[in-house]
file upload_33.txt (compact mmCIF, C-alpha atoms and all ligand atoms)
# COMPACT_ATOMS: atom_id res chain seq x y z
CA MET A 1 -28.64 -16.81 24.25
CA SER A 2 -27.22 -13.36 24.96
CA ARG A 3 -27.15 -10.82 22.20
CA LEU A 4 -23.93 -9.84 20.45
CA ARG A 5 -22.87 -6.34 21.49
CA VAL A 6 -22.00 -4.47 18.28
CA LEU A 7 -20.17 -1.19 18.77
CA ILE A 8 -20.86 1.09 15.81
CA LEU A 9 -18.08 3.66 15.41
CA PHE A 10 -19.06 6.64 13.28
CA GLY A 11 -18.27 10.29 12.54
CA GLY A 12 -14.64 11.29 12.34
CA LYS A 13 -12.56 14.11 10.94
CA SER A 14 -13.28 13.71 7.25
CA VAL A 15 -15.77 15.62 5.11
CA GLU A 16 -17.71 12.37 5.01
CA SER A 17 -18.59 12.44 8.73
CA GLU A 18 -22.24 13.22 8.02
CA VAL A 19 -22.47 10.33 5.51
CA SER A 20 -20.90 8.18 8.21
CA ARG A 21 -23.54 9.22 10.76
CA ILE A 22 -26.38 8.40 8.40
CA SER A 23 -24.74 5.06 7.53
CA ALA A 24 -24.39 4.26 11.23
CA ARG A 25 -28.05 5.05 11.78
CA THR A 26 -29.06 2.83 8.86
CA ILE A 27 -26.92 -0.03 10.21
CA ALA A 28 -28.22 0.37 13.78
CA GLY A 29 -31.77 0.30 12.45
CA ALA A 30 -31.24 -2.78 10.30
CA LEU A 31 -29.44 -5.00 12.85
CA ASP A 32 -31.80 -7.70 14.09
CA PRO A 33 -32.62 -6.59 17.66
CA ALA A 34 -33.21 -10.20 18.71
CA ARG A 35 -29.57 -11.03 17.95
CA TYR A 36 -27.64 -7.79 18.35
CA GLU A 37 -27.38 -4.91 20.75
CA ALA A 38 -26.22 -1.85 18.79
CA ILE A 39 -24.01 0.55 20.78
CA PRO A 40 -23.25 3.79 18.90
CA LEU A 41 -20.00 5.59 19.60
CA ALA A 42 -19.11 8.78 17.73
CA VAL A 43 -15.77 10.36 16.93
CA GLY A 44 -15.93 14.17 16.78
CA ALA A 45 -14.39 16.49 14.19
CA ASP A 46 -11.36 16.84 16.50
CA GLY A 47 -10.74 13.09 16.22
CA ARG A 48 -11.67 12.33 19.85
CA PHE A 49 -14.32 9.88 20.97
CA LEU A 50 -17.53 11.49 22.21
CA PRO A 51 -19.35 10.45 25.37
CA ALA A 52 -21.79 7.56 24.88
CA ALA A 53 -24.91 9.60 25.68
CA HIS A 54 -23.91 12.25 23.19
CA SER A 55 -23.14 9.61 20.55
CA ALA A 56 -26.60 8.11 20.93
CA ARG A 57 -28.17 11.57 20.61
CA LEU A 58 -26.16 12.31 17.44
CA LEU A 59 -27.28 9.05 15.91
CA ALA A 60 -30.92 9.74 16.64
CA GLU A 61 -31.08 13.36 15.48
CA ALA A 62 -32.37 13.89 11.98
CA LYS A 63 -29.96 16.65 11.07
CA VAL A 64 -26.72 17.89 12.56
CA PRO A 65 -24.01 20.08 11.04
CA GLU A 66 -21.78 18.40 8.49
CA ARG A 67 -18.69 18.41 10.66
CA PHE A 68 -20.23 17.88 14.03
CA LEU A 69 -18.61 18.58 17.35
CA PRO A 70 -20.52 18.21 20.56
CA PRO A 71 -21.55 21.39 22.38
CA ASP A 72 -20.14 19.69 25.46
CA ALA A 73 -16.80 18.83 23.86
CA ALA A 74 -15.01 20.19 26.86
CA ALA A 75 -17.02 18.03 29.26
CA PRO A 76 -14.73 15.97 31.49
CA GLU A 77 -15.93 12.56 30.27
CA SER A 78 -15.02 13.37 26.64
CA ALA A 79 -11.42 13.79 27.74
CA ALA A 80 -11.04 10.02 28.01
CA VAL A 81 -8.89 8.87 25.09
CA VAL A 82 -10.64 5.50 24.95
CA PRO A 83 -14.16 5.43 26.36
CA ALA A 84 -15.30 2.44 28.40
CA GLU A 85 -17.66 1.29 25.64
CA ILE A 86 -14.77 0.24 23.44
CA ALA A 87 -13.25 -2.09 26.05
CA PRO A 88 -13.36 -5.77 25.04
CA ALA A 89 -15.45 -6.44 28.18
CA ARG A 90 -18.18 -4.09 26.93
CA ALA A 91 -18.34 -4.91 23.21
CA ASP A 92 -18.14 -8.20 21.33
CA LEU A 93 -17.46 -6.71 17.92
CA VAL A 94 -16.85 -3.34 16.29
CA PHE A 95 -18.50 -2.09 13.12
CA PRO A 96 -16.25 0.81 12.06
CA ILE A 97 -18.06 3.07 9.64
CA ILE A 98 -15.71 6.05 9.61
CA HIS A 99 -14.61 7.12 6.14
CA GLY A 100 -11.29 8.57 5.04
CA THR A 101 -8.17 9.40 7.05
CA SER A 102 -7.87 7.55 10.40
CA GLY A 103 -11.05 5.51 9.86
CA GLU A 104 -10.50 3.85 6.51
CA ASP A 105 -6.72 3.90 6.12
CA GLY A 106 -5.78 1.22 8.65
CA ALA A 107 -5.15 3.48 11.65
CA LEU A 108 -8.44 2.64 13.36
CA GLN A 109 -8.10 -1.00 12.32
CA GLY A 110 -4.65 -1.12 13.99
CA PHE A 111 -6.13 0.34 17.16
CA LEU A 112 -8.85 -2.36 17.15
CA GLU A 113 -6.21 -5.06 16.58
CA ILE A 114 -4.33 -3.83 19.64
CA LEU A 115 -7.53 -3.91 21.68
CA GLY A 116 -8.08 -7.47 20.42
CA LEU A 117 -11.63 -6.77 19.25
CA PRO A 118 -13.10 -8.38 16.13
CA TYR A 119 -14.16 -5.76 13.57
CA VAL A 120 -16.05 -5.66 10.32
CA GLY A 121 -14.17 -5.12 7.06
CA ALA A 122 -10.60 -4.95 5.84
CA GLY A 123 -7.58 -5.32 8.10
CA VAL A 124 -4.69 -2.89 8.58
CA ALA A 125 -2.66 -3.50 5.43
CA ALA A 126 -5.59 -3.84 3.02
CA SER A 127 -7.19 -0.68 4.43
CA ALA A 128 -3.93 1.22 3.95
CA VAL A 129 -3.50 -0.12 0.40
CA GLY A 130 -7.09 0.82 -0.46
CA MET A 131 -6.60 4.37 0.75
CA ASP A 132 -3.31 4.99 -1.07
CA LYS A 133 -4.15 5.25 -4.77
CA ALA A 134 -0.48 5.05 -5.84
CA ILE A 135 0.29 1.85 -3.89
CA PHE A 136 -3.04 0.37 -4.97
CA LYS A 137 -2.25 0.98 -8.64
CA SER A 138 1.20 -0.61 -8.49
CA LEU A 139 -0.23 -3.62 -6.67
CA LEU A 140 -2.81 -4.07 -9.41
CA ARG A 141 -0.26 -3.63 -12.18
CA ASP A 142 1.80 -6.34 -10.47
CA ALA A 143 -1.20 -8.66 -10.50
CA GLY A 144 -1.82 -7.97 -14.20
CA ILE A 145 -5.11 -6.16 -13.52
CA PRO A 146 -5.87 -3.32 -15.96
CA VAL A 147 -5.75 0.07 -14.27
CA THR A 148 -5.66 3.69 -15.46
CA ARG A 149 -2.14 4.95 -16.08
CA GLY A 150 -0.87 7.51 -13.61
CA VAL A 151 2.19 9.38 -12.39
CA THR A 152 2.80 10.44 -8.78
CA VAL A 153 4.38 13.83 -7.99
CA ARG A 154 5.28 15.75 -4.83
CA GLY A 155 5.35 19.20 -6.44
CA SER A 156 4.05 20.81 -9.63
CA GLU A 157 7.60 21.67 -10.78
CA GLU A 158 8.24 17.94 -11.28
CA LEU A 159 5.87 17.93 -14.28
CA PRO A 160 6.50 20.77 -16.72
CA ALA A 161 4.19 19.04 -19.20
CA SER A 162 1.42 16.49 -18.97
CA PRO A 163 2.66 12.87 -19.19
CA PHE A 164 -0.55 11.89 -21.04
CA PRO A 165 -2.71 13.49 -23.69
CA LEU A 166 -5.29 15.86 -22.16
CA PRO A 167 -7.65 15.67 -20.45
CA VAL A 168 -5.92 14.26 -17.37
CA PHE A 169 -7.33 13.90 -13.86
CA VAL A 170 -5.29 15.21 -10.95
CA LYS A 171 -6.10 14.00 -7.44
CA PRO A 172 -4.56 13.60 -3.98
CA VAL A 173 -3.01 10.12 -3.57
CA ASN A 174 -4.90 9.75 -0.28
CA GLY A 175 -8.35 11.14 -0.69
CA GLY A 176 -12.00 10.53 -1.19
CA SER A 177 -15.32 12.19 -2.01
CA SER A 178 -13.61 13.76 -5.06
CA VAL A 179 -12.06 16.40 -2.78
CA GLY A 180 -9.12 18.01 -4.59
CA VAL A 181 -9.85 16.21 -7.88
CA THR A 182 -9.55 18.29 -11.09
CA LYS A 183 -10.15 17.47 -14.73
CA VAL A 184 -7.40 19.29 -16.63
CA LYS A 185 -8.18 20.18 -20.23
CA ARG A 186 -5.61 22.92 -20.92
CA PRO A 187 -1.84 22.50 -20.45
CA GLU A 188 -1.62 25.78 -18.53
CA ASP A 189 -4.01 24.46 -15.84
CA LEU A 190 -1.92 21.43 -14.85
CA GLY A 191 0.24 23.20 -12.26
CA ALA A 192 -2.69 24.70 -10.39
CA ALA A 193 -4.48 21.33 -10.34
CA ILE A 194 -1.40 19.67 -8.82
CA ASP A 195 -1.08 22.46 -6.25
CA LEU A 196 -4.75 21.98 -5.32
CA ALA A 197 -4.33 18.21 -4.85
CA LEU A 198 -1.23 18.87 -2.74
CA ARG A 199 -3.34 20.90 -0.32
CA TYR A 200 -4.93 17.58 0.75
CA ASP A 201 -1.96 15.22 0.63
CA ASP A 202 1.82 15.33 0.17
CA ARG A 203 1.54 13.42 -3.12
CA ALA A 204 -0.62 14.05 -6.18
CA LEU A 205 -1.59 11.58 -8.86
CA VAL A 206 -1.84 12.67 -12.51
CA GLU A 207 -3.94 10.16 -14.44
CA GLU A 208 -4.86 9.71 -18.06
CA GLY A 209 -8.49 10.74 -18.48
CA ILE A 210 -10.76 7.94 -19.63
CA ASP A 211 -13.96 8.73 -21.52
CA ALA A 212 -15.94 6.12 -19.68
CA ARG A 213 -19.04 4.97 -17.90
CA GLU A 214 -18.58 4.58 -14.13
CA ILE A 215 -19.41 1.09 -12.94
CA GLU A 216 -19.23 -0.18 -9.35
CA CYS A 217 -19.25 -3.73 -8.01
CA ALA A 218 -19.67 -4.89 -4.40
CA VAL A 219 -17.57 -7.73 -2.99
CA LEU A 220 -18.31 -9.71 0.18
CA GLY A 221 -16.33 -12.50 1.84
CA ASN A 222 -12.99 -13.55 3.30
CA ASP A 223 -11.21 -16.40 1.50
CA ASP A 224 -14.03 -17.15 -0.87
CA PRO A 225 -15.48 -13.74 -1.80
CA ARG A 226 -18.46 -13.21 -4.06
CA ALA A 227 -19.30 -10.28 -6.31
CA SER A 228 -22.63 -8.50 -6.67
CA VAL A 229 -24.30 -7.42 -9.88
CA PRO A 230 -22.54 -4.27 -11.17
CA GLY A 231 -24.24 -0.88 -10.87
CA GLU A 232 -23.71 2.34 -12.82
CA ILE A 233 -23.32 5.90 -11.62
CA ILE A 234 -24.37 8.48 -14.17
CA PRO A 235 -22.85 11.77 -12.96
CA GLY A 236 -25.03 14.85 -13.13
CA ARG A 237 -21.97 17.01 -13.86
CA GLU A 238 -18.91 16.77 -16.07
CA PHE A 239 -17.49 14.17 -13.70
CA TYR A 240 -18.56 12.69 -10.39
CA ASP A 241 -17.22 15.54 -8.23
CA TYR A 242 -17.92 16.60 -4.63
CA ASP A 243 -21.02 18.65 -5.47
CA ASP A 244 -22.40 15.82 -7.54
CA LYS A 245 -21.86 13.40 -4.65
CA TYR A 246 -23.23 15.51 -1.82
CA ARG A 247 -24.79 18.81 -2.91
CA ASP A 248 -26.76 18.43 -6.13
CA GLU A 249 -29.11 15.56 -6.57
CA ASN A 250 -28.56 15.02 -10.26
CA ALA A 251 -26.37 11.91 -10.26
CA ARG A 252 -28.32 8.76 -11.10
CA PHE A 253 -27.72 5.18 -9.96
CA VAL A 254 -28.69 2.34 -12.26
CA VAL A 255 -28.77 -1.07 -10.57
CA PRO A 256 -28.08 -3.46 -12.15
CA ALA A 257 -26.04 -1.56 -14.75
CA ASP A 258 -27.21 -1.94 -18.33
CA LEU A 259 -24.09 -3.65 -19.70
CA PRO A 260 -23.50 -6.41 -22.27
CA GLY A 261 -23.36 -9.75 -20.42
CA GLU A 262 -19.68 -10.34 -21.05
CA VAL A 263 -18.73 -6.85 -19.82
CA ALA A 264 -20.72 -7.32 -16.60
CA GLU A 265 -19.01 -10.69 -16.09
CA LYS A 266 -15.61 -9.14 -16.68
CA VAL A 267 -16.35 -6.43 -14.10
CA ARG A 268 -17.35 -9.05 -11.52
CA ARG A 269 -14.31 -11.21 -12.23
CA LEU A 270 -11.97 -8.23 -11.98
CA ALA A 271 -13.67 -7.05 -8.76
CA LEU A 272 -12.84 -10.41 -7.16
CA ALA A 273 -9.27 -10.28 -8.51
CA VAL A 274 -8.81 -6.77 -7.04
CA PHE A 275 -10.25 -7.87 -3.68
CA ARG A 276 -7.77 -10.75 -3.53
CA ALA A 277 -4.78 -8.77 -4.84
CA ALA A 278 -5.31 -6.08 -2.20
CA GLY A 279 -5.74 -8.72 0.53
CA VAL A 280 -9.13 -7.39 1.61
CA SER A 281 -11.40 -9.23 4.03
CA GLY A 282 -15.08 -8.68 4.71
CA MET A 283 -16.19 -6.12 2.19
CA ALA A 284 -15.15 -3.63 -0.46
CA ARG A 285 -16.65 -1.73 -3.33
CA VAL A 286 -14.53 -1.78 -6.48
CA ASP A 287 -15.01 1.11 -8.92
CA PHE A 288 -14.39 0.77 -12.65
CA PHE A 289 -14.26 2.73 -15.86
CA VAL A 290 -15.86 1.06 -18.86
CA GLU A 291 -14.53 3.02 -21.82
CA ARG A 292 -17.10 4.33 -24.24
CA GLY A 293 -16.77 2.89 -27.73
CA THR A 294 -14.38 0.07 -26.79
CA ASN A 295 -15.95 -1.33 -23.57
CA ARG A 296 -12.40 -1.66 -22.22
CA VAL A 297 -12.66 -2.27 -18.45
CA LEU A 298 -10.19 -0.46 -16.18
CA VAL A 299 -10.09 -0.37 -12.39
CA ASN A 300 -10.37 3.11 -10.90
CA GLU A 301 -10.25 2.54 -7.16
CA ILE A 302 -11.30 0.41 -4.22
CA ASN A 303 -13.32 1.52 -1.23
CA THR A 304 -12.89 -0.64 1.88
CA LEU A 305 -15.43 1.39 3.87
CA PRO A 306 -18.30 2.10 1.51
CA GLY A 307 -21.30 4.16 2.59
CA PHE A 308 -24.27 2.36 4.17
CA THR A 309 -26.98 4.99 3.82
CA ALA A 310 -30.31 3.86 2.40
CA ILE A 311 -29.24 5.13 -1.04
CA SER A 312 -25.61 3.96 -0.93
CA MET A 313 -24.33 1.77 -3.74
CA TYR A 314 -22.84 -1.04 -1.60
CA PRO A 315 -26.09 -2.13 0.15
CA LYS A 316 -28.10 -1.39 -3.02
CA LEU A 317 -25.92 -3.71 -5.09
CA TRP A 318 -26.39 -6.52 -2.57
CA GLU A 319 -30.10 -5.90 -2.34
CA ALA A 320 -30.29 -6.27 -6.13
CA SER A 321 -28.22 -9.45 -5.84
CA GLY A 322 -30.71 -11.01 -3.43
CA LEU A 323 -29.14 -10.01 -0.10
CA PRO A 324 -31.23 -7.45 1.80
CA LEU A 325 -29.49 -5.19 4.35
CA PRO A 326 -30.24 -7.18 7.57
CA LYS A 327 -28.86 -10.34 5.91
CA LEU A 328 -25.86 -8.43 4.56
CA LEU A 329 -25.07 -7.20 8.09
CA ASP A 330 -25.41 -10.75 9.50
CA GLU A 331 -22.91 -11.90 6.90
CA LEU A 332 -20.44 -9.06 7.56
CA ILE A 333 -20.56 -9.81 11.29
CA ARG A 334 -20.09 -13.52 10.69
CA LEU A 335 -17.07 -12.78 8.45
CA ALA A 336 -15.55 -10.48 11.09
CA LEU A 337 -15.85 -13.16 13.77
CA GLU A 338 -14.46 -15.79 11.41
CA ARG A 339 -11.42 -13.67 10.57
CA HIS A 340 -10.79 -12.86 14.21
CA ALA A 341 -11.02 -16.52 15.27
CA ARG A 342 -8.67 -17.59 12.51
CA ARG A 343 -6.10 -14.94 13.36
CA ALA A 344 -6.33 -15.86 17.05
CA ARG A 345 -5.29 -19.40 16.13
CA LEU A 346 -2.14 -18.28 14.27
CA SER A 347 1.01 -19.47 15.96
CA HIS A 348 3.35 -17.06 17.70
CA GLU A 349 5.73 -19.83 18.75
CA PRO A 350 9.23 -20.09 17.33
CA PRO A 351 9.69 -23.12 15.04
CA ALA A 352 10.24 -26.31 17.00
CA GLY A 353 13.90 -27.08 17.63
CA LEU A 354 15.09 -23.46 17.39
CA LEU A 355 15.52 -22.93 21.10
N1 LIG B 401 -8.66 8.79 -14.87
C1 LIG B 401 -9.92 9.25 -14.88
N2 LIG B 401 -10.64 9.29 -16.03
C2 LIG B 401 -11.93 9.75 -16.04
N3 LIG B 401 -12.57 10.20 -14.94
C3 LIG B 401 -11.90 10.20 -13.77
C4 LIG B 401 -10.55 9.72 -13.68
N4 LIG B 401 -10.17 9.81 -12.39
C5 LIG B 401 -11.20 10.33 -11.72
N5 LIG B 401 -12.26 10.59 -12.52
C6 LIG B 401 -13.55 11.19 -12.11
O1 LIG B 401 -13.39 11.77 -10.81
C7 LIG B 401 -14.18 11.08 -9.84
C8 LIG B 401 -13.44 10.98 -8.52
O2 LIG B 401 -12.19 10.35 -8.69
P1 LIG B 401 -11.74 9.10 -7.80
O3 LIG B 401 -10.42 8.67 -8.28
O4 LIG B 401 -12.83 8.09 -7.80
O5 LIG B 401 -11.54 9.76 -6.36
P2 LIG B 401 -12.35 9.64 -4.98
O6 LIG B 401 -11.56 8.67 -4.15
O7 LIG B 401 -12.31 11.01 -4.44
O8 LIG B 401 -13.73 9.12 -5.29
C9 LIG B 401 -14.49 9.73 -10.48
O9 LIG B 401 -15.68 9.18 -9.96
C10 LIG B 401 -14.63 10.16 -11.95
O10 LIG B 401 -15.88 10.81 -12.19
MG MG B 402 -14.27 7.45 -6.39

call {"tool": "encode", "arguments": {"input": "upload_33.txt", "output": "structure tokens", "more": "lines below"}}
Ligand SMILES: Nc1ncnc2c1ncn2[C@@H]1O[C@H](COP(=O)(O)OP(=O)(O)O)[C@@H](O)[C@H]1O
Ligand SMILES: [Mg+2]
result
Amino acid sequence: MSRLRVLILFGGKSVESEVSRISARTIAGALDPARYEAIPLAVGADGRFLPAAHSARLLAEAKVPERFLPPDAAAPESAAVVPAEIAPARADLVFPIIHGTSGEDGALQGFLEILGLPYVGAGVAASAVGMDKAIFKSLLRDAGIPVTRGVTVRGSEELPASPFPLPVFVKPVNGGSSVGVTKVKRPEDLGAAIDLALRYDDRALVEEGIDAREIECAVLGNDDPRASVPGEIIPGREFYDYDDKYRDENARFVVPADLPGEVAEKVRRLALAVFRAAGVSGMARVDFFVERGTNRVLVNEINTLPGFTAISMYPKLWEASGLPLPKLLDELIRLALERHARRARLSHEPPAGLL
């Protein structure tokens, strides 16, 4: 039997491109070589695909600059908008592992739909919903799922005063890695926090601050998803900000989270409800706040392209739930092929009798 050719797309424009590269390397290393041929393909900081040879080199190197661009970016072969490797004749399936804008928001997924290639993870609409924190929140509210209250603004002048008691959290509607997120404790700091968030997006979200533990749950599946054991992130700083995520090494992960049984069950049930409400397929990590004192469970956000480094929460949660990384990858690939086959069978015919 011939091996399945899995094109691993990594890199990209976001600040998370280095995380993406390490995830891609972890995935390439964990795919069963008897069943899969891993083909790495990188996207540079300028958003363009890099030549295959350069992509392979980037994947193999231990350390490259955070926002990598190839030294040979101007080389003629990098000018191709779509490299040959991504053609349906050269790859059987795509594993996109590009975080943030263009990779996680549905744009890349739409491109793969047009190419007709099966791909791992959420489709176009669910990816877009997962990236847009304002749309995601209204969708959840509609489904009766508890979520932190928030107000969306396009300029700081729209909010002369905080809509919630302080502290509030201000963040870009489309964002990640805590970039542009501020905890506002004094009324006079609200405007500057909104202006900062608006440097990263055209809308800012002002949210009530929850004094809470941060709990994450991994979901896997298409129509019949299952939820992992929950895990806890204990930030090393006042909140889980960019430095805490990538610069310091003080944040701690506790897997499984030390939670009362009924709270852990509630988290898992809500994670599945969120997955369904957002129409996700394949995988997602759902992040929660469990309020101190009350154990009230609120959804914070969903991540349709979680990290896959050796220390990332998504694979760790599955490992702790009895699914080691190679098996998790098998399952994600199976789900991608299943979704693709089902969509290929959908009718595009007009209803009988119309013509
Ligand atoms: N409403 C909130 N209440 C308490 N902490 C929050 C709130 N919103 C964000 N935070 C803190 O900021 C971090 C980043 O915010 P988040 O909404 O998860 O954005 P990102 O998509 O950048 O991860 C969270 O992990 C948490 O530590
Ligand atoms: Mg987050």

call {"tool": "closest_atom_pairs", "arguments": {"input": "upload_33.txt", "of": "chain A", "to": "ligand MG 402 (chain B)", "cutoff": "8 Å", "atoms": "all atoms listed in the file", "output": "CSV"}}
result
residue,atom,partner,partner_atom,distance
A:Gly176,CA,B:MG402,MG,6.5
A:Ser177,CA,B:MG402,MG,6.5
A:Ser178,CA,B:MG402,MG,6.5
A:Tyr240,CA,B:MG402,MG,7.9
A:Asp287,CA,B:MG402,MG,6.9
A:Asn300,CA,B:MG402,MG,7.4
A:Glu301,CA,B:MG402,MG,6.4
A:Ile302,CA,B:MG402,MG,7.9
A:Asn303,CA,B:MG402,MG,7.9

call {"tool": "residues_near_ligand", "arguments": {"input": "upload_33.txt", "ligand": "ligand LIG 401 (chain B)", "cutoff": "9 Å", "atoms": "all atoms listed in the file", "output": "PyMOL selection string"}}
result
chain A and resi 131+133+148-150+167-183+206-214+233+235+237-242+287-289+300-303

call {"tool": "closest_residue", "arguments": {"input": "upload_33.txt", "among": "A:Leu317, A:Ala24, A:Ala34, A:Ala84", "to": "Leu50 of chain A", "atoms": "all atoms listed in the file"}}
result
A:Ala84

call {"tool": "residues_near_point", "arguments": {"input": "upload_33.txt", "point": "(-5.3, -14.8, 18.0)", "cutoff": "12 Å", "atoms": "only C-alpha atoms", "output": "PDB file with C-alpha atoms, keeping the file's coordinate frame"}}
result
ATOM      1  CA  GLU A 113      -6.210  -5.060  16.580  1.00  0.00           C
ATOM      2  CA  ILE A 114      -4.330  -3.830  19.640  1.00  0.00           C
ATOM      3  CA  LEU A 115      -7.530  -3.910  21.680  1.00  0.00           C
ATOM      4  CA  GLY A 116      -8.080  -7.470  20.420  1.00  0.00           C
ATOM      5  CA  LEU A 117     -11.630  -6.770  19.250  1.00  0.00           C
ATOM      6  CA  PRO A 118     -13.100  -8.380  16.130  1.00  0.00           C
ATOM      7  CA  LEU A 337     -15.850 -13.160  13.770  1.00  0.00           C
ATOM      8  CA  GLU A 338     -14.460 -15.790  11.410  1.00  0.00           C
ATOM      9  CA  ARG A 339     -11.420 -13.670  10.570  1.00  0.00           C
ATOM     10  CA  HIS A 340     -10.790 -12.860  14.210  1.00  0.00           C
ATOM     11  CA  ALA A 341     -11.020 -16.520  15.270  1.00  0.00           C
ATOM     12  CA  ARG A 342      -8.670 -17.590  12.510  1.00  0.00           C
ATOM     13  CA  ARG A 343      -6.100 -14.940  13.360  1.00  0.00           C
ATOM     14  CA  ALA A 344      -6.330 -15.860  17.050  1.00  0.00           C
ATOM     15  CA  ARG A 345      -5.290 -19.400  16.130  1.00  0.00           C
ATOM     16  CA  LEU A 346      -2.140 -18.280  14.270  1.00  0.00           C
ATOM     17  CA  SER A 347       1.010 -19.470  15.960  1.00  0.00           C
ATOM     18  CA  HIS A 348       3.350 -17.060  17.700  1.00  0.00           C
TER      19      HIS A 348
END

call {"tool": "closest_residue", "arguments": {"input": "upload_33.txt", "among": "A:Leu272, A:Val43, A:Leu58, A:Val94", "to": "Arg5 of chain A", "atoms": "all atoms listed in the file"}}
result
A:Val94

call {"tool": "closest_residue", "arguments": {"input": "upload_33.txt", "among": "A:Glu18, A:Glu232, A:Asp32, A:Glu265", "to": "Ala251 of chain A", "atoms": "all atoms listed in the file"}}
result
A:Glu232

call {"tool": "closest_residue", "arguments": {"input": "upload_33.txt", "among": "A:Gly11, A:Asp330, A:Thr26, A:Tyr246", "to": "Asp46 of chain A", "atoms": "all atoms listed in the file"}}
result
A:Gly11

call {"tool": "axis_aligned_box", "arguments": {"input": "upload_33.txt", "around": "segment 219-225 of chain A", "padding_each_side": "3 Å", "output": "lines of an AutoDock Vina configuration file"}}
result
center_x = -14.8
center_y = -12.4
center_z = 0.2
size_x = 13.1
size_y = 15.4
size_z = 12.3

call {"tool": "atom_distance", "arguments": {"input": "upload_33.txt", "atom1": "atom CA of Val64 of chain A", "atom2": "atom CA of Pro51 of chain A"}}
result
16.5 Å

call {"tool": "atom_distance", "arguments": {"input": "upload_33.txt", "atom1": "atom CA of Ala320 of chain A", "atom2": "atom CA of Ala60 of chain A"}}
result
27.8 Å

call {"tool": "atom_distance", "arguments": {"input": "upload_33.txt", "atom1": "atom CA of Cys217 of chain A", "atom2": "atom CA of Ala257 of chain A"}}
result
9.8 Å

call {"tool": "residues_around", "arguments": {"input": "upload_33.txt", "residues": "Glu85 of chain A", "least_positions_apart": "6", "cutoff": "10 Å", "atoms": "all atoms listed in the file", "output": "ChimeraX atom specification"}}
result
/A:7,39-41,51-52,91

call {"tool": "write_last_selection", "arguments": {"input": "upload_33.txt", "atoms": "C-alpha atoms", "output": "short mmCIF file (atom, residue, chain, number, x, y, z; two decimals), in the frame of the given file"}}
result
data_model
loop_
_atom_site.label_atom_id
_atom_site.label_comp_id
_atom_site.auth_asym_id
_atom_site.auth_seq_id
_atom_site.Cartn_x
_atom_site.Cartn_y
_atom_site.Cartn_z
CA LEU A 7 -20.17 -1.19 18.77
CA ILE A 39 -24.01 0.55 20.78
CA PRO A 40 -23.25 3.79 18.90
CA LEU A 41 -20.00 5.59 19.60
CA PRO A 51 -19.35 10.45 25.37
CA ALA A 52 -21.79 7.56 24.88
CA ALA A 91 -18.34 -4.91 23.21
#

call {"tool": "residues_near_point", "arguments": {"input": "upload_33.txt", "point": "(-0.9, 20.6, -10.1)", "cutoff": "12 Å", "atoms": "all atoms listed in the file", "output": "PyMOL selection string"}}
result
chain A and resi 151-162+168-172+180-184+187-200+202-207

call {"tool": "closest_residue", "arguments": {"input": "upload_33.txt", "among": "A:Ser23, A:Thr294, A:Ser127, A:Asn250", "to": "Leu9 of chain A", "atoms": "only C-alpha atoms"}}
result
A:Ser23

call {"tool": "closest_residue", "arguments": {"input": "upload_33.txt", "among": "A:Ile97, A:Leu332, A:Met313, A:Ala62", "to": "Val254 of chain A", "atoms": "only C-alpha atoms"}}
result
A:Met313

call {"tool": "residues_around", "arguments": {"input": "upload_33.txt", "residues": "Ala284 of chain A", "least_positions_apart": "4", "cutoff": "7 Å", "atoms": "all atoms listed in the file", "output": "list in words"}}
result
Ala218, Val219, Leu220, Ile302, Asn303, Thr304, Leu305 and Pro306 of chain A

call {"tool": "residues_around", "arguments": {"input": "upload_33.txt", "residues": "Lys316 of chain A", "least_positions_apart": "2", "cutoff": "12 Å", "atoms": "all atoms listed in the file", "output": "MDAnalysis selection string"}}
result
chainID A and resid 216:218 228:232 253:257 285 306:314 318:325 328

call {"tool": "write_last_selection", "arguments": {"input": "upload_33.txt", "atoms": "C-alpha atoms", "output": "JSON list (two decimals), in the frame of the given file"}}
result
[["chain", "number", "residue", "atom", "x", "y", "z"],
["A", 216, "GLU", "CA", -19.23, -0.18, -9.35],
["A", 217, "CYS", "CA", -19.25, -3.73, -8.01],
["A", 218, "ALA", "CA", -19.67, -4.89, -4.40],
["A", 228, "SER", "CA", -22.63, -8.50, -6.67],
["A", 229, "VAL", "CA", -24.30, -7.42, -9.88],
["A", 230, "PRO", "CA", -22.54, -4.27, -11.17],
["A", 231, "GLY", "CA", -24.24, -0.88, -10.87],
["A", 232, "GLU", "CA", -23.71, 2.34, -12.82],
["A", 253, "PHE", "CA", -27.72, 5.18, -9.96],
["A", 254, "VAL", "CA", -28.69, 2.34, -12.26],
["A", 255, "VAL", "CA", -28.77, -1.07, -10.57],
["A", 256, "PRO", "CA", -28.08, -3.46, -12.15],
["A", 257, "ALA", "CA", -26.04, -1.56, -14.75],
["A", 285, "ARG", "CA", -16.65, -1.73, -3.33],
["A", 306, "PRO", "CA", -18.30, 2.10, 1.51],
["A", 307, "GLY", "CA", -21.30, 4.16, 2.59],
["A", 308, "PHE", "CA", -24.27, 2.36, 4.17],
["A", 309, "THR", "CA", -26.98, 4.99, 3.82],
["A", 310, "ALA", "CA", -30.31, 3.86, 2.40],
["A", 311, "ILE", "CA", -29.24, 5.13, -1.04],
["A", 312, "SER", "CA", -25.61, 3.96, -0.93],
["A", 313, "MET", "CA", -24.33, 1.77, -3.74],
["A", 314, "TYR", "CA", -22.84, -1.04, -1.60],
["A", 318, "TRP", "CA", -26.39, -6.52, -2.57],
["A", 319, "GLU", "CA", -30.10, -5.90, -2.34],
["A", 320, "ALA", "CA", -30.29, -6.27, -6.13],
["A", 321, "SER", "CA", -28.22, -9.45, -5.84],
["A", 322, "GLY", "CA", -30.71, -11.01, -3.43],
["A", 323, "LEU", "CA", -29.14, -10.01, -0.10],
["A", 324, "PRO", "CA", -31.23, -7.45, 1.80],
["A", 325, "LEU", "CA", -29.49, -5.19, 4.35],
["A", 328, "LEU", "CA", -25.86, -8.43, 4.56]]
